[in-house]
$ cat work_21.tsv   # TSV, C-alpha atoms and all ligand atoms
chain	number	residue	atom	x	y	z
A	260	MET	CA	59.32	65.10	94.46
A	261	ASN	CA	58.37	68.75	94.08
A	262	LEU	CA	59.07	70.77	90.96
A	263	THR	CA	62.40	72.57	90.63
A	264	ILE	CA	62.76	76.36	90.53
A	265	GLY	CA	63.23	76.19	86.75
A	266	GLU	CA	60.13	74.04	86.24
A	267	VAL	CA	57.96	76.19	88.49
A	268	LEU	CA	59.04	79.33	86.66
A	269	GLN	CA	58.14	77.77	83.33
A	270	LYS	CA	54.69	76.73	84.48
A	271	THR	CA	53.95	80.04	86.13
A	272	THR	CA	55.10	82.01	83.09
A	273	ALA	CA	52.65	80.08	80.91
A	274	TYR	CA	49.87	80.67	83.45
A	275	PHE	CA	50.52	84.42	83.61
A	276	ALA	CA	50.75	84.70	79.82
A	277	ALA	CA	47.39	82.97	79.51
A	278	LYS	CA	45.98	85.59	81.90
A	279	GLY	CA	47.13	88.32	79.52
A	280	ILE	CA	50.05	89.51	81.63
A	281	GLU	CA	52.72	90.96	79.34
A	282	SER	CA	55.76	90.62	81.58
A	283	ALA	CA	54.89	86.99	82.48
A	284	ARG	CA	58.40	85.56	82.90
A	285	LEU	CA	59.75	88.61	84.72
A	286	ASP	CA	56.80	88.63	87.12
A	287	ALA	CA	57.13	84.88	87.79
A	288	GLU	CA	60.78	85.45	88.66
A	289	LEU	CA	60.21	88.54	90.82
A	290	LEU	CA	57.54	86.79	92.84
A	291	LEU	CA	59.51	83.55	93.30
A	292	ALA	CA	62.61	85.51	94.32
A	293	HIS	CA	60.43	87.38	96.83
A	294	VAL	CA	59.00	84.17	98.31
A	295	LEU	CA	62.42	82.51	98.53
A	296	GLY	CA	64.20	85.61	99.83
A	297	LEU	CA	66.63	85.55	96.89
A	298	ASP	CA	67.42	88.01	94.14
A	299	ARG	CA	66.69	87.02	90.55
A	300	VAL	CA	70.27	85.85	89.96
A	301	GLY	CA	69.86	83.52	92.91
A	302	LEU	CA	67.01	81.75	91.11
A	303	TYR	CA	69.39	80.80	88.31
A	304	THR	CA	72.09	79.63	90.71
A	305	ASP	CA	69.54	77.28	92.27
A	306	TYR	CA	67.68	76.52	89.03
A	307	HIS	CA	67.59	72.74	89.51
A	308	ARG	CA	66.74	72.76	93.20
A	309	PRO	CA	63.33	71.31	94.02
A	310	LEU	CA	61.10	73.61	96.06
A	311	THR	CA	59.94	72.49	99.50
A	312	SER	CA	56.22	71.99	99.99
A	313	GLN	CA	56.09	75.13	102.12
A	314	GLU	CA	57.74	77.16	99.38
A	315	VAL	CA	55.30	75.80	96.83
A	316	ALA	CA	52.36	76.78	99.02
A	317	ALA	CA	53.69	80.30	99.60
A	318	TYR	CA	54.41	80.79	95.92
A	319	ARG	CA	51.01	79.48	94.91
A	320	GLU	CA	49.38	82.13	97.05
A	321	VAL	CA	51.23	85.06	95.46
A	322	VAL	CA	50.79	83.62	91.96
A	323	ALA	CA	47.03	83.56	92.52
A	324	ARG	CA	47.11	87.23	93.55
A	325	ARG	CA	49.10	88.20	90.47
A	326	GLY	CA	46.65	86.11	88.41
A	327	ARG	CA	43.94	88.49	89.64
A	328	ARG	CA	46.10	91.27	88.18
A	329	GLU	CA	47.31	92.64	91.46
A	330	PRO	CA	50.53	94.55	90.64
A	331	VAL	CA	53.78	92.77	91.52
A	332	ALA	CA	54.92	95.78	93.57
A	333	TYR	CA	51.91	95.53	95.91
A	334	ILE	CA	52.59	91.82	96.41
A	335	THR	CA	56.30	92.23	97.15
A	336	GLY	CA	55.81	95.60	98.88
A	337	HIS	CA	58.74	97.09	96.97
A	338	LYS	CA	59.46	99.05	93.81
A	339	GLU	CA	62.74	100.33	92.47
A	340	PHE	CA	62.73	103.94	91.25
A	341	TYR	CA	65.77	105.95	90.23
A	342	GLY	CA	67.99	103.09	91.44
A	343	LEU	CA	66.51	103.31	94.95
A	344	ASP	CA	64.29	100.89	96.83
A	345	PHE	CA	60.84	102.13	97.85
A	346	THR	CA	58.20	100.58	100.06
A	347	VAL	CA	54.85	100.62	98.30
A	348	THR	CA	51.35	99.70	99.46
A	349	PRO	CA	47.96	100.05	97.75
A	350	ALA	CA	47.74	103.50	99.42
A	351	VAL	CA	50.20	104.89	96.87
A	352	LEU	CA	50.65	104.98	93.13
A	353	ILE	CA	53.45	102.64	92.05
A	354	PRO	CA	56.33	104.79	90.77
A	355	ARG	CA	56.64	104.59	86.98
A	356	PRO	CA	59.90	104.54	85.04
A	357	GLU	CA	58.87	107.56	82.95
A	358	THR	CA	58.63	109.65	86.13
A	359	GLU	CA	62.41	109.25	86.48
A	360	LEU	CA	62.60	111.75	83.66
A	361	LEU	CA	60.82	114.35	85.81
A	362	VAL	CA	63.47	113.79	88.50
A	363	GLU	CA	66.27	114.03	85.93
A	364	THR	CA	64.89	117.28	84.52
A	365	VAL	CA	64.60	118.93	87.94
A	366	LEU	CA	68.13	117.80	88.87
A	367	GLU	CA	69.49	119.29	85.67
A	368	TYR	CA	67.89	122.62	86.55
A	369	LEU	CA	69.22	122.50	90.13
A	370	ARG	CA	72.75	121.80	88.85
A	371	ASP	CA	72.57	124.90	86.66
A	372	PHE	CA	71.44	126.87	89.67
A	373	SER	CA	74.25	125.60	91.91
A	374	ALA	CA	76.71	126.66	89.20
A	375	THR	CA	75.66	130.25	89.89
A	376	GLY	CA	77.30	129.93	93.35
A	377	GLU	CA	74.26	130.86	95.43
A	378	GLU	CA	74.64	129.90	99.05
A	379	ASP	CA	71.13	129.30	100.40
A	380	PRO	CA	69.98	125.70	100.22
A	381	PRO	CA	67.53	125.53	97.32
A	382	GLN	CA	63.97	124.99	98.47
A	383	VAL	CA	61.65	122.70	96.57
A	384	ILE	CA	57.92	121.99	96.87
A	385	GLU	CA	56.42	118.70	95.72
A	386	ILE	CA	52.65	118.53	95.43
A	387	GLY	CA	51.20	115.06	96.07
A	388	VAL	CA	54.18	113.11	97.37
A	389	GLY	CA	52.56	109.63	97.30
A	390	SER	CA	55.26	107.02	98.06
A	391	GLY	CA	57.88	109.76	98.23
A	392	ALA	CA	59.70	108.50	95.14
A	393	ILE	CA	60.24	111.89	93.49
A	394	SER	CA	61.24	113.80	96.63
A	395	VAL	CA	63.53	111.04	97.89
A	396	ALA	CA	65.24	110.65	94.50
A	397	LEU	CA	65.76	114.43	94.30
A	398	ALA	CA	67.10	114.71	97.83
A	399	VAL	CA	69.47	111.75	97.43
A	400	SER	CA	70.90	113.16	94.21
A	401	SER	CA	71.04	116.83	95.19
A	402	PRO	CA	72.49	116.91	98.72
A	403	SER	CA	71.85	120.58	99.47
A	404	ILE	CA	68.14	120.88	98.71
A	405	ARG	CA	65.31	121.14	101.26
A	406	ILE	CA	61.95	119.75	100.20
A	407	TYR	CA	58.42	120.45	101.46
A	408	ALA	CA	56.09	117.77	100.18
A	409	SER	CA	52.33	117.91	100.49
A	410	GLU	CA	49.92	114.99	100.45
A	411	ILE	CA	46.21	114.76	101.18
A	412	SER	CA	46.05	111.02	101.91
A	413	GLN	CA	47.00	110.05	105.46
A	414	ASP	CA	47.76	106.51	104.36
A	415	ALA	CA	50.07	107.73	101.62
A	416	LEU	CA	51.82	110.03	104.11
A	417	ALA	CA	52.64	107.00	106.25
A	418	VAL	CA	54.28	105.29	103.27
A	419	ALA	CA	56.19	108.44	102.31
A	420	ARG	CA	57.38	108.82	105.91
A	421	GLU	CA	58.72	105.27	105.86
A	422	ASN	CA	60.60	105.84	102.60
A	423	ILE	CA	62.06	109.14	103.80
A	424	LYS	CA	63.29	107.39	106.94
A	425	LYS	CA	64.68	104.43	105.01
A	426	HIS	CA	66.85	106.82	103.01
A	427	GLY	CA	67.82	108.93	106.03
A	428	LEU	CA	66.21	112.12	104.74
A	429	GLU	CA	64.05	113.18	107.72
A	430	GLU	CA	66.05	116.40	108.11
A	431	ARG	CA	65.66	117.42	104.49
A	432	ILE	CA	62.14	116.42	103.45
A	433	THR	CA	59.23	117.86	105.42
A	434	LEU	CA	55.88	116.19	104.87
A	435	VAL	CA	52.93	118.57	104.88
A	436	PRO	CA	49.46	117.01	105.28
A	437	GLY	CA	46.83	118.70	103.15
A	438	SER	CA	45.69	119.31	99.62
A	439	PHE	CA	47.90	121.10	97.09
A	440	PHE	CA	49.64	124.12	98.69
A	441	SER	CA	47.47	124.32	101.81
A	442	GLY	CA	49.53	123.88	104.96
A	443	LEU	CA	52.88	124.84	103.43
A	444	PRO	CA	54.82	127.34	105.56
A	445	GLU	CA	54.15	130.93	104.47
A	446	SER	CA	57.84	131.66	104.81
A	447	LEU	CA	58.25	129.84	101.48
A	448	LEU	CA	56.06	132.27	99.54
A	449	GLY	CA	58.06	133.73	96.67
A	450	ARG	CA	61.17	131.77	97.74
A	451	VAL	CA	61.16	128.31	96.20
A	452	LYS	CA	63.26	127.27	93.24
A	453	VAL	CA	61.14	124.37	92.08
A	454	VAL	CA	57.53	123.26	92.28
A	455	VAL	CA	57.33	119.69	91.03
A	456	SER	CA	54.34	117.36	90.72
A	457	ASN	CA	53.11	114.17	89.13
A	458	PRO	CA	49.43	114.88	89.84
A	459	PRO	CA	46.44	112.69	89.07
A	460	TYR	CA	45.79	113.24	85.38
A	461	LEU	CA	43.61	110.45	84.00
A	462	THR	CA	39.98	110.91	83.01
A	463	GLY	CA	37.30	108.62	84.47
A	464	ARG	CA	37.23	106.72	81.21
A	465	GLU	CA	41.01	106.25	81.17
A	466	VAL	CA	40.91	104.86	84.71
A	467	ALA	CA	38.08	102.51	83.74
A	468	GLU	CA	39.68	101.37	80.49
A	469	GLY	CA	43.25	101.11	81.80
A	470	GLN	CA	45.12	97.86	82.48
A	471	PRO	CA	43.45	95.80	85.24
A	472	GLU	CA	46.47	96.55	87.47
A	473	VAL	CA	45.54	100.26	87.57
A	474	LYS	CA	42.28	99.43	89.37
A	475	HIS	CA	44.33	98.27	92.34
A	476	GLU	CA	45.95	101.71	92.61
A	477	PRO	CA	44.43	104.61	94.59
A	478	ARG	CA	41.91	106.46	92.44
A	479	GLN	CA	42.81	109.66	94.24
A	480	ALA	CA	46.31	109.43	92.72
A	481	LEU	CA	45.04	108.78	89.19
A	482	TYR	CA	41.76	110.57	88.54
A	483	GLY	CA	42.19	114.16	87.41
A	484	GLY	CA	38.53	115.12	87.17
A	485	PRO	CA	36.23	114.82	84.14
A	486	ASP	CA	38.82	116.24	81.72
A	487	GLY	CA	41.89	115.02	83.62
A	488	LEU	CA	43.10	118.60	84.12
A	489	ALA	CA	41.64	119.54	87.53
A	490	ALA	CA	44.91	119.19	89.43
A	491	TYR	CA	46.83	121.22	86.83
A	492	ARG	CA	44.36	124.11	87.15
A	493	GLN	CA	44.93	124.19	90.88
A	494	ILE	CA	48.71	123.81	90.80
A	495	ILE	CA	49.26	126.27	87.95
A	496	SER	CA	47.10	128.97	89.49
A	497	GLU	CA	48.95	128.80	92.82
A	498	ALA	CA	52.54	127.92	91.87
A	499	SER	CA	53.50	131.48	90.93
A	500	ASN	CA	52.88	132.63	94.54
A	501	TRP	CA	55.49	130.20	95.84
A	502	LEU	CA	58.19	130.35	93.18
A	503	ARG	CA	60.88	132.97	93.05
A	504	SER	CA	61.66	134.72	89.80
A	505	GLY	CA	63.29	132.25	87.39
A	506	GLY	CA	61.94	129.33	89.45
A	507	LEU	CA	60.83	126.14	87.73
A	508	LEU	CA	57.38	124.58	87.58
A	509	ALA	CA	57.89	120.94	86.47
A	510	LEU	CA	54.82	118.81	85.80
A	511	GLU	CA	54.36	115.27	84.58
A	512	ILE	CA	51.47	115.11	82.12
A	513	GLY	CA	49.41	112.56	80.23
A	514	SER	CA	50.69	112.21	76.66
A	515	ALA	CA	47.65	113.99	75.16
A	516	GLN	CA	47.65	116.90	77.63
A	517	ALA	CA	50.62	119.03	76.56
A	518	LYS	CA	48.57	121.55	74.63
A	519	ASP	CA	45.99	122.04	77.39
A	520	VAL	CA	48.57	122.32	80.16
A	521	VAL	CA	50.66	124.77	78.13
A	522	SER	CA	47.62	126.94	77.57
A	523	LEU	CA	46.65	126.84	81.28
A	524	ILE	CA	50.17	128.08	82.05
A	525	GLY	CA	49.90	130.74	79.35
A	526	GLU	CA	46.65	132.08	80.83
A	527	THR	CA	48.41	133.05	84.06
A	528	GLU	CA	50.85	135.30	82.15
A	529	ALA	CA	53.26	134.64	85.04
A	530	PHE	CA	55.56	132.23	83.22
A	531	SER	CA	57.75	132.41	80.15
A	532	ALA	CA	56.91	130.08	77.22
A	533	PRO	CA	56.67	126.46	78.51
A	534	GLU	CA	58.84	123.61	77.23
A	535	ILE	CA	57.52	120.14	76.49
A	536	ARG	CA	59.75	117.06	76.99
A	537	THR	CA	59.06	113.58	75.68
A	538	ASP	CA	59.63	110.24	77.45
A	539	TYR	CA	61.56	107.17	76.24
A	540	ALA	CA	58.54	106.13	74.18
A	541	GLY	CA	58.56	109.50	72.40
A	542	LEU	CA	55.33	110.62	74.13
A	543	ASP	CA	54.84	114.09	75.59
A	544	ARG	CA	55.45	113.58	79.31
A	545	ILE	CA	56.72	116.74	80.98
A	546	VAL	CA	55.86	120.41	80.84
A	547	LEU	CA	58.38	122.92	82.22
A	548	ALA	CA	57.77	126.60	82.81
A	549	PHE	CA	59.90	129.32	84.41
A	550	LEU	CA	58.43	132.11	86.48
A	551	ARG	CA	59.11	135.48	84.89
A	601	LIG	N1	51.07	107.39	84.48
A	601	LIG	C1	49.98	106.87	85.23
A	601	LIG	C2	49.19	105.89	84.40
A	601	LIG	O1	49.13	106.01	83.22
A	601	LIG	C3	49.06	107.97	85.70
A	601	LIG	C4	49.74	108.70	86.79
A	601	LIG	C5	49.02	109.95	87.15
A	601	LIG	O2	47.81	110.11	86.97
A	601	LIG	N2	49.80	110.83	87.62
A	601	LIG	O3	48.65	104.94	84.94
$ encode --input "work_21.tsv" --output "structure tokens"
Amino acid sequence: MNLTIGEVLQKTTAYFAAKGIESARLDAELLLAHVLGLDRVGLYTDYHRPLTSQEVAAYREVVARRGRREPVAYITGHKEFYGLDFTVTPAVLIPRPETELLVETVLEYLRDFSATGEEDPPQVIEIGVGSGAISVALAVSSPSIRIYASEISQDALAVARENIKKHGLEERITLVPGSFFSGLPESLLGRVKVVVSNPPYLTGREVAEGQPEVKHEPRQALYGGPDGLAAYRQIISEASNWLRSGGLLALEIGSAQAKDVVSLIGETEAFSAPEIRTDYAGLDRIVLAFLR
């Protein structure tokens, strides 16, 4: 007789832990739920049910992939972000929980703006949309905004398009192929309320020394040039052309980059003094600046 769900989870958890995977039990559960087409609660309802031989074979295959440190989200093809389900593939960075804070911060700003009773739908630019997580979360939570989201990777654009469709936002999020601000409609110049981005910000060394999972993610979404700041230079130098007065530039940053990003913003003399926000771990994670 085959092992039960409970027994298989126990064995797999030990195997993952031996491979140095921190969230061993959680990952074993997520992958088994995926293979069985259940949610995690369902595993506990059926805890003493023996697996069929087919189920064992299918599970063994995904466990081997995870054992090679492939991220769970690429194996299941899904990641939850801001309470929403996103399709993810190795063409896109897997949305991180700390990026929810960037969404939260932008929403807070948009709420303040809507309290001023302005009638035009607020326009937002996202640079480097990836899976679409940030733009979709913003559009779902702030029903009047219009977003223009750029992305240089064709494969990432296909994933973003799927997520925008899944959440019914085709009318409100326009994908713009191209790097940074190139390709955005000129009618937006000087008009947008928010420019938001979680750009690539790791150095080559950080990519190389990161968790093995990171090596499965697109380098283009992670590597920010030799000092990790290349994307910020580009975004900061151009953002002031697109924002209206009082508009917000909201950037996710690496925890050691606050000082450098603040001084890049200061050099433009276009923004008032930037604010730094920390994440749940108490690390610097967001820089905000308002166009004068
Ligand atoms: N937060 C990601 C990481 O540490 C990096 C994301 C990025 O470069 N924007 O893996």
$ closest_residue --input "work_21.tsv" --among "A:Arg536, A:Arg431, A:Arg355, A:Arg420" --to "ligand LIG 601 (chain A)" --atoms "all atoms listed in the file"
A:Arg355
$ closest_residue --input "work_21.tsv" --among "A:Ser282, A:Thr311, A:Thr304, A:Thr263" --to "Arg325 (chain A)" --atoms "all atoms listed in the file"
A:Ser282
$ atom_distance --input "work_21.tsv" --atom1 "CA of Gly342 (chain A)" --atom2 "CA of Val399 (chain A)"
10.6 Å
$ closest_atom_pairs --input "work_21.tsv" --of "chain A" --to "ligand LIG 601 (chain A)" --cutoff "7 Å" --atoms "all atoms listed in the file" --output "CSV"
residue,atom,partner,partner_atom,distance
A:Arg355,CA,A:LIG601,N1,6.7
A:Asn457,CA,A:LIG601,N2,4.9
A:Pro458,CA,A:LIG601,N2,4.6
A:Pro459,CA,A:LIG601,O2,3.6
A:Tyr460,CA,A:LIG601,O2,4.1
A:Leu461,CA,A:LIG601,O2,5.2
A:Val473,CA,A:LIG601,O3,6.2
A:Ala480,CA,A:LIG601,O2,6.0
A:Leu481,CA,A:LIG601,O2,3.8
A:Tyr482,CA,A:LIG601,O2,6.3
A:Gly483,CA,A:LIG601,O2,6.9
A:Gly513,CA,A:LIG601,N1,6.9
$ atom_distance --input "work_21.tsv" --atom1 "CA of Ala415 (chain A)" --atom2 "CA of Val395 (chain A)"
14.4 Å
$ residues_around --input "work_21.tsv" --residues "Arg324 (chain A)" --least-positions-apart "4" --cutoff "12 Å" --atoms "all atoms listed in the file" --output "VMD selection string"
chain A and resid 275 278 286 to 287 290 317 to 320 328 to 335 472 475
$ closest_residue --input "work_21.tsv" --among "A:Pro533, A:Gly265, A:Gly541, A:Pro381" --to "His307 (chain A)" --atoms "only C-alpha atoms"
A:Gly265
$ closest_residue --input "work_21.tsv" --among "A:Ala517, A:Ala408, A:Leu360, A:Leu488" --to "Pro444 (chain A)" --atoms "only C-alpha atoms"
A:Ala408
$ residues_around --input "work_21.tsv" --residues "Thr346 (chain A)" --least-positions-apart "2" --cutoff "7 Å" --atoms "only C-alpha atoms" --output "ChimeraX atom specification"
/A:336-338,344,348,418,422
$ atom_distance --input "work_21.tsv" --atom1 "CA of Leu366 (chain A)" --atom2 "CA of Leu550 (chain A)"
17.5 Å
